[in-house]
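Below is one structure, written out as structure tokens, with a few remarks after it.
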Amino acid sequence: MPAMHNSSEPALPPVPVVDPSAWLATDLQADSGWIQRLDDHEIHELDRAVESVVERGLRPGGFDRDGFPLTHLADRIAGWVHALEHGRGCVLVKGLDPGRYDDDALAALYWGLAVHLGDPIPQNAKGDLIGHVRDTGRDYTSKNVRGYTTRAELKAHCDASDIVGLLCRHPARSGGESLIASSTAIYNHLAAERPELIPPLLEGFHYDLRGEGVTDDPDETTFHRVPVFSWFEGRLSCRFNGKSIEEGMIKRGQPLSGLALEAVREVGRLAVSAPFRYDMTFEKGDLQLLSNHSILHSRAAFEDWPERERQRDLWRIWFNLRDGRPLAPEFADRLNTGPRGGVLVRGAG
């Protein structure tokens, strides 16, 4: 059962929230400790683990961390988890060369890293545990189209899991830059400069589930309001997707207006503005790990290579931490699938 709110705690976050996750772009520029490069010994250790699972015919979803033995690298991964949950909330891992692996071996490697980091959860109604963020030719302006299947610009948002991982198999021909910002820093700015916008963000909104809810209704939204900012047991957590909020509230017959609409749009605006926005360009083999509770991410539109085998392809995993922060019940159920639940898999069970 989820922990209930302790009435002895303050109902509102402090101003400011003092936490390592409250960074500005200049902080990431000044200290590159969040960028981790794998050395030859660690790559060799990964290769041995990949060979072990491939020889046994195991695929992603078919083995856990005990089946993907790591010794030296396991301690380093634990450091990444600590940085994601108790530090800045972002880690960029470099040093992998996807060209050394076929798709099955790379998937085994990625899954092996993921199960050492946490517990993967489904990210779409098909049950994908490793999803592909690539252009499938769909129109993001169409109803119930998820942005990761297009080449469109994606506005600032966070995903419905503790952590999201993106492994770059192939970068775009041009564009597709990743933009990240601290939602904690954005909260601190709004609380100090625009405190009138905080109440609607704490109350939350009904999010559009884009046809991937638990019912057969293509207009299903979250059954309850999910806060954008949630203060619980001494931690500030964020859940934000401006497009899903605005479209979800329309589907509920409660279109946003006034301070609520301004608050949602201001969060999105600040996330791609100085001094919050930090830009990075994915290079082949980069693994970006982000805490959805403290980081908002967005993406520039991109142009792809004409050759299919070179087209932009980021491999995405959603996962929850095994010892993640407590979440308020109204915040933890983000997809109508229960606390920290992933997308309902159609046809499962």
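Residue names in the structure tokens use chain letters A, B, ... in the order shown, residue numbers from 1 in each chain, and ligand numbers from 1 in the order shown.
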Practice prompt. Compile the contact shell of Trp80 of chain A as a VMD selection string: residues with an atom at most 9 Å away, counting only C-alpha atoms, same-chain residues fewer than 2 positions apart removed.
Written response: chain A and resid 34 36 75 to 78 82 to 85 90 to 91 117 289
Worksheet item: Leaving out segment 316-322 of chain A and any residue of its chain fewer than 6 positions from it, which residues lie within 8 Å of it when counting only C-alpha atoms, given as number ranges by chain?
Response: A: 81, 114, 117-123, 129-133, 159-167, 340
Fill in: Gap from atom CA of Thr26 of chain A to atom CA of Ile186 of chain A - Å, one decimal
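Interatomic distance, atom CA of Thr26 of chain A to atom CA of Ile186 of chain A: 14.5 Å.
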Worksheet item: Which one is closest to Ser298 of chain A: A:Arg173, A:Arg346, A:His224, A:Arg277? Count only C-alpha atoms.
Response: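 Going through A:Arg173, A:Arg346, A:His224, A:Arg277 one by one, the smallest distance to Ser298 of chain A is for A:Arg277.
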Practice prompt. Take atom CA of Pro13 of chain A and atom CA of Arg194 of chain A and report the distance between them in Å, one decimal.
Written response: 14.6 Å
Discussion item. If you run DSSP on the backbone here, which positions in segment 161-218 of chain A get alpha helix (DSSP H)? Please write them as a PyMOL selection string.
Written reply: chain A and resi 183-193+198-203
Discussion item. Let's see if you can do this: from backbone DSSP, list all strand (DSSP E or B) residues in segment 66-291 of chain A, as a ChimeraX atom specification.
Written reply: /A:90-94,119-121,131-133,154-157,163-170,174-175,178-182,205,208,221,226,229-232,235-238,241,278-280,287-291
Go ahead and save the picked residues with N, CA and C atoms, as a compact mmCIF listing (two decimals), in the first residue's frame.
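Dumped to selection_12.txt:
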# COMPACT_ATOMS: atom_id res chain seq x y z
N CYS A 90 20.43 13.71 -13.54
CA CYS A 90 20.79 13.41 -14.93
C CYS A 90 22.18 12.79 -14.96
N VAL A 91 22.33 11.79 -15.83
CA VAL A 91 23.61 11.13 -16.06
C VAL A 91 23.72 10.88 -17.56
N LEU A 92 24.88 11.18 -18.13
CA LEU A 92 25.14 10.88 -19.53
C LEU A 92 26.31 9.91 -19.59
N VAL A 93 26.05 8.70 -20.08
CA VAL A 93 27.07 7.65 -20.16
C VAL A 93 27.61 7.61 -21.58
N LYS A 94 28.92 7.70 -21.73
CA LYS A 94 29.56 7.68 -23.03
C LYS A 94 30.55 6.52 -23.10
N ASP A 119 13.80 -1.47 -12.31
CA ASP A 119 12.82 -2.43 -12.83
C ASP A 119 12.10 -1.81 -14.02
N PRO A 120 12.36 -2.28 -15.25
CA PRO A 120 11.69 -1.73 -16.43
C PRO A 120 10.17 -1.95 -16.39
N ILE A 121 9.43 -1.00 -16.98
CA ILE A 121 7.97 -1.10 -17.05
C ILE A 121 7.52 -0.82 -18.49
N GLY A 131 11.66 0.58 -26.30
CA GLY A 131 10.94 1.25 -27.38
C GLY A 131 11.90 1.97 -28.30
N HIS A 132 11.45 2.29 -29.50
CA HIS A 132 12.27 2.99 -30.47
C HIS A 132 11.71 4.40 -30.68
N VAL A 133 12.53 5.39 -30.37
CA VAL A 133 12.16 6.78 -30.59
C VAL A 133 12.67 7.14 -31.98
N LEU A 154 9.44 18.23 -29.82
CA LEU A 154 8.70 17.79 -28.64
C LEU A 154 8.89 18.81 -27.53
N LYS A 155 7.79 19.29 -26.99
CA LYS A 155 7.85 20.28 -25.93
C LYS A 155 8.33 19.63 -24.63
N ALA A 156 8.67 20.46 -23.67
CA ALA A 156 9.19 19.97 -22.39
C ALA A 156 8.17 19.07 -21.70
N HIS A 157 8.66 17.97 -21.18
CA HIS A 157 7.79 17.01 -20.51
C HIS A 157 8.65 16.08 -19.67
N ILE A 163 12.57 6.79 -13.93
CA ILE A 163 13.73 7.11 -14.76
C ILE A 163 13.41 6.78 -16.21
N VAL A 164 13.95 7.58 -17.14
CA VAL A 164 13.90 7.24 -18.56
C VAL A 164 15.32 7.17 -19.07
N GLY A 165 15.60 6.11 -19.84
CA GLY A 165 16.89 5.96 -20.49
C GLY A 165 16.74 6.05 -22.00
N LEU A 166 17.66 6.75 -22.65
CA LEU A 166 17.69 6.85 -24.10
C LEU A 166 19.08 6.49 -24.59
N LEU A 167 19.17 5.42 -25.37
CA LEU A 167 20.44 4.97 -25.94
C LEU A 167 20.44 5.31 -27.43
N CYS A 168 21.44 6.04 -27.87
CA CYS A 168 21.50 6.49 -29.26
C CYS A 168 22.14 5.41 -30.14
N ARG A 169 21.31 4.72 -30.92
CA ARG A 169 21.79 3.75 -31.91
C ARG A 169 22.30 4.48 -33.15
N HIS A 170 21.51 5.46 -33.61
CA HIS A 170 21.91 6.31 -34.73
C HIS A 170 21.40 7.73 -34.48
N SER A 174 20.38 15.87 -39.10
CA SER A 174 20.50 17.19 -38.49
C SER A 174 19.35 17.38 -37.51
N GLY A 175 19.56 18.20 -36.52
CA GLY A 175 18.52 18.47 -35.53
C GLY A 175 18.41 17.34 -34.51
N SER A 178 18.74 17.30 -27.74
CA SER A 178 18.03 17.08 -26.49
C SER A 178 18.22 18.31 -25.59
N LEU A 179 17.12 18.77 -25.02
CA LEU A 179 17.14 19.90 -24.10
C LEU A 179 16.64 19.40 -22.75
N ILE A 180 17.39 19.68 -21.70
CA ILE A 180 16.95 19.29 -20.37
C ILE A 180 16.94 20.50 -19.45
N ALA A 181 16.10 20.43 -18.43
CA ALA A 181 16.00 21.51 -17.45
C ALA A 181 15.59 20.92 -16.12
N SER A 182 15.98 21.57 -15.04
CA SER A 182 15.62 21.13 -13.70
C SER A 182 14.22 21.61 -13.35
N PHE A 205 -3.88 18.23 -12.78
CA PHE A 205 -4.76 18.21 -13.94
C PHE A 205 -5.05 16.77 -14.37
N ASP A 208 -4.36 13.62 -20.74
CA ASP A 208 -4.81 12.81 -21.86
C ASP A 208 -3.92 11.57 -21.94
N THR A 221 -8.88 9.94 -19.87
CA THR A 221 -7.87 10.75 -19.19
C THR A 221 -7.56 10.10 -17.85
N VAL A 226 -3.60 14.78 -11.45
CA VAL A 226 -2.21 14.46 -11.08
C VAL A 226 -1.45 15.77 -10.91
N PHE A 229 3.50 19.54 -9.45
CA PHE A 229 4.49 19.50 -8.38
C PHE A 229 3.86 18.86 -7.15
N SER A 230 4.57 17.88 -6.60
CA SER A 230 4.07 17.14 -5.44
C SER A 230 5.14 17.15 -4.36
N TRP A 231 4.79 17.63 -3.18
CA TRP A 231 5.70 17.65 -2.03
C TRP A 231 5.27 16.54 -1.07
N PHE A 232 6.15 15.55 -0.87
CA PHE A 232 5.76 14.40 -0.07
C PHE A 232 6.99 13.85 0.65
N ARG A 235 10.37 15.48 -0.18
CA ARG A 235 10.91 15.49 -1.54
C ARG A 235 9.91 16.15 -2.48
N LEU A 236 10.45 16.96 -3.40
CA LEU A 236 9.63 17.56 -4.45
C LEU A 236 9.74 16.71 -5.70
N SER A 237 8.60 16.33 -6.26
CA SER A 237 8.56 15.54 -7.49
C SER A 237 7.69 16.25 -8.52
N CYS A 238 8.00 16.02 -9.78
CA CYS A 238 7.29 16.71 -10.87
C CYS A 238 6.71 15.70 -11.84
N ASN A 241 3.45 17.35 -18.71
CA ASN A 241 3.39 17.27 -20.17
C ASN A 241 2.31 18.25 -20.59
N TYR A 278 19.47 23.41 -20.79
CA TYR A 278 20.80 22.90 -21.16
C TYR A 278 20.64 22.06 -22.41
N ASP A 279 21.43 22.35 -23.46
CA ASP A 279 21.33 21.66 -24.74
C ASP A 279 22.41 20.60 -24.86
N MET A 280 22.06 19.46 -25.43
CA MET A 280 23.06 18.45 -25.74
C MET A 280 22.70 17.78 -27.06
N LEU A 287 24.25 7.21 -23.79
CA LEU A 287 23.12 6.75 -22.99
C LEU A 287 22.75 7.86 -22.02
N GLN A 288 21.61 8.47 -22.25
CA GLN A 288 21.11 9.54 -21.39
C GLN A 288 20.13 8.95 -20.38
N LEU A 289 20.38 9.21 -19.10
CA LEU A 289 19.52 8.76 -18.01
C LEU A 289 18.99 9.97 -17.29
N LEU A 290 17.66 10.06 -17.13
CA LEU A 290 17.04 11.22 -16.52
C LEU A 290 16.03 10.79 -15.47
N SER A 291 16.04 11.50 -14.33
CA SER A 291 14.99 11.33 -13.34
C SER A 291 13.77 12.12 -13.79
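For Arg100 of chain A, the residues within 12 Å (counting only C-alpha atoms, excluding itself and residues fewer than 3 positions away along the chain) are Ile43, His44, Asp47, Val50, Gly95, Leu96, Asp97, Asp103, Asp104, Ala105, Leu106, Leu109, Arg169, Lys284 and Gly285 of chain A.
You can rank A:Thr281, A:Asp216, A:Leu256, A:Lys243 by their closest distance to Thr141 of chain A using only C-alpha atoms, and at the top of that list sits A:Lys243.
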Fill in: Who sits within 6 Å of segment 199-203 of chain A, only C-alpha atoms, same chain under 4 positions skipped, as a ChimeraX atom specification
/A:227-229,260
For the residues in that selection, give me N, CA, C and O atoms as a short mmCIF file (atom, residue, chain, number, x, y, z; two decimals), in the first residue's frame.
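Resulting contents of part18.cif:
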data_model
loop_
_atom_site.label_atom_id
_atom_site.label_comp_id
_atom_site.auth_asym_id
_atom_site.auth_seq_id
_atom_site.Cartn_x
_atom_site.Cartn_y
_atom_site.Cartn_z
N PRO A 227 -0.89 16.03 -9.73
CA PRO A 227 -0.17 17.29 -9.52
C PRO A 227 1.04 17.43 -10.45
O PRO A 227 1.72 16.44 -10.76
N VAL A 228 1.30 18.66 -10.88
CA VAL A 228 2.54 18.94 -11.59
C VAL A 228 3.70 18.92 -10.60
O VAL A 228 4.76 18.33 -10.86
N PHE A 229 3.50 19.54 -9.45
CA PHE A 229 4.49 19.50 -8.38
C PHE A 229 3.86 18.86 -7.15
O PHE A 229 2.76 19.23 -6.74
N ALA A 260 -4.56 28.85 -14.43
CA ALA A 260 -4.19 27.45 -14.66
C ALA A 260 -3.52 27.29 -16.02
O ALA A 260 -2.47 26.63 -16.14
#
Fill in: Distance of atom CA of Ser32 of chain A from atom CA of Pro20 of chain A, expressed in Å to one decimal place
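Distance reported for this atom pair: 14.4 Å.
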Discussion item. From the options A:Gly176, A:Phe68, A:Ser183, A:Asp304, which residue's atoms come nearest to Glu153 of chain A, counting only C-alpha atoms?
Written reply: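 Ranked by minimum distance to Glu153 of chain A, first place goes to A:Gly176.
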